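Peer 1: One structure is given below, represented as structure tokens, and several questions about it will come after.
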Amino acid sequence: MKTHTDYLYMNTREEKGIVNITSEVTAIVDKSGVKEGLALVSAMHITAAIFINDEEPGIKQDFLEWAEKLAPQGPNYHHHRTGETNGDAHLKSVLFHHEVIVPITKGKLDFGPWQQIFYGEFDGRRKKRIIVKVMGEDS
Amino acid sequence: MKTHTDYLYMNTREEKGIVNITSEVTAIVDKSGVKEGLALVSAMHITAAIFINDEEPGIKQDFLEWAEKLAPQGPNYHHHRTGETNGDAHLKSVLFHHEVIVPITKGKLDFGPWQQIFYGEFDGRRKKRIIVKVMGEDS
Amino acid sequence: MKTHTDYLYMNTREEKGIVNITSEVTAIVDKSGVKEGLALVSAMHITAAIFINDEEPGIKQDFLEWAEKLAPQGPNYHHHRTGETNGDAHLKSVLFHHEVIVPITKGKLDFGPWQQIFYGEFDGRRKKRIIVKVMGEDS
């Protein structure tokens, strides 16, 4: 049994956005040498998300607008009594979920035809971190 | 340490529906021989979900109506510029999440009294696939 | 490779609430002896959730109000034909998701600065259970 841990660093130009990180995760899985197992891909922040969907600009825009509809940015969060202004980003992180587990089969991400891994940033313009933890058999 | 990989194939008659897959997952866990570990159950499509809840017809209907309320089917998705018509199904996949991790203890799914595993189909009437990846100790 | 299984018991005084269980999970990970691996933390009930966010009273109140907005308590659930009255709690369990996977690195939860683990209770005032399943290498 083998484990491998790596980190990705994000710093989006926009406050909110969706970034495809599939190739970065693939490179870490390759480096790990794990052939059969699982990779945890998890945002280390409470205002960001990791989720799996489709690499298509329209649907990414739909996701951002949907997030805004279900967890709108605005002044009326109790969290803002602390001086923070990002209450909506906490809710969005939970809505999209902060992590995924990716199956690894024969050394590759075992994905369906359209599956890609995305980082959802809801309070960006600063350095953030994602953990990728790979666990499994190397032969 | 042991891993075992299997796939389930779905092809729902309805466009949207919720299917109990607990017995199929149980059979795969039995076949794997894993006694202590985890099973990833993950939809390989971006318009479907895997989630855990209750086998009760009323709540399944409630789930479908809730999905429709929070992520309604309709024409106004950016994704539809590609010619697709299933923007809502992508959002529903994220709302319900596309995967679960199931604990295995003494060779059995270690579940509470009401927990069952469901496949949520939001754009069906065609063949789709679920991966079940089991990992753990066989004794 | 090593696995370790433990259970936490919850019995909230309020019907709905959010409880920080980070120290209990940390103690189980310590006890497991696993140094590199993953811990599944999963509610064994279909009206509860496990999620990761921030230990701040305001945001916890925001989460409860948001849950009420997106999956309101009320009489109009099909599930209630069974005599149950907790249809909303089932939807809230799915909204927040019933489980997380926590990475373990060098024997510690490998978390970002603000990440904490929460139990979300949506139909409380009775004994409920959480499974914590740790899997990985002990050296």
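So you can find residues: chains in the structure tokens are A, B, ... in the order shown, residues in each start at 1, and ligands are numbered from 1 in order.
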Any idea which chain B residues end up within 6 Å of chain C if we count only C-alpha atoms, as number ranges by chain please?
Peer 2: B: 53, 58-59, 111-112
Peer 1: Could the residues in this selection be written to a file with N, CA and C atoms, as a CSV table (one decimal), in the first residue's frame?
Peer 2:
```
chain,number,residue,atom,x,y,z
B,53,ASN,N,-30.1,8.0,1.2
B,53,ASN,CA,-31.2,8.4,2.0
B,53,ASN,C,-32.2,7.2,2.2
B,58,GLY,N,-42.7,8.3,-1.1
B,58,GLY,CA,-43.0,9.7,-0.9
B,58,GLY,C,-41.8,10.6,-0.9
B,59,ILE,N,-40.7,10.2,-0.2
B,59,ILE,CA,-39.5,11.0,-0.1
B,59,ILE,C,-38.8,11.1,-1.4
B,111,PHE,N,-24.0,0.6,7.8
B,111,PHE,CA,-25.1,1.6,7.6
B,111,PHE,C,-26.0,1.7,8.8
B,112,GLY,N,-26.5,2.9,9.0
B,112,GLY,CA,-27.6,3.1,10.0
B,112,GLY,C,-28.9,2.4,9.5
```
Peer 1: Apply DSSP to the backbone of this structure and, from range 69-125 of chain B, keep only the residues in alpha helix (DSSP H); write these as a ChimeraX atom specification.
Peer 2: /B:69-70,87-96
Peer 1: Taking the DSSP assignment computed from this structure's backbone, write out as a ChimeraX atom specification all residues of chain B that belong to strand (DSSP E).
Peer 2: /B:2-10,17-20,36-43,48-53,99-105,108-109,116-121,128-137
Peer 1: Mind checking which residues fall within 8 Å of Lys108 in chain B, counting only C-alpha atoms, ignoring those fewer than 4 positions away in the same chain, and posting them as a PyMOL selection string?
Peer 2: chain B and resi 26+29-30+35+104
Peer 1: Env of Lys127 in chain C: 9 Å cut, atoms = only C-alpha atoms, seq-sep filter 2 positions within chain, self excluded. Answer as a compact mmCIF listing (two decimals) with C-alpha atoms, in the first residue's frame.
Peer 2:
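The file below, selection-v3.txt, is the result:
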```
# COMPACT_ATOMS: atom_id res chain seq x y z
CA TYR C 9 -23.16 9.31 19.56
CA MET C 10 -25.18 12.52 19.29
CA ASN C 11 -28.34 13.59 21.07
CA THR C 12 -29.05 17.26 20.51
CA GLY C 124 -32.84 15.78 16.70
CA ARG C 125 -33.76 15.24 20.32
CA ARG C 129 -24.73 7.83 15.44
```
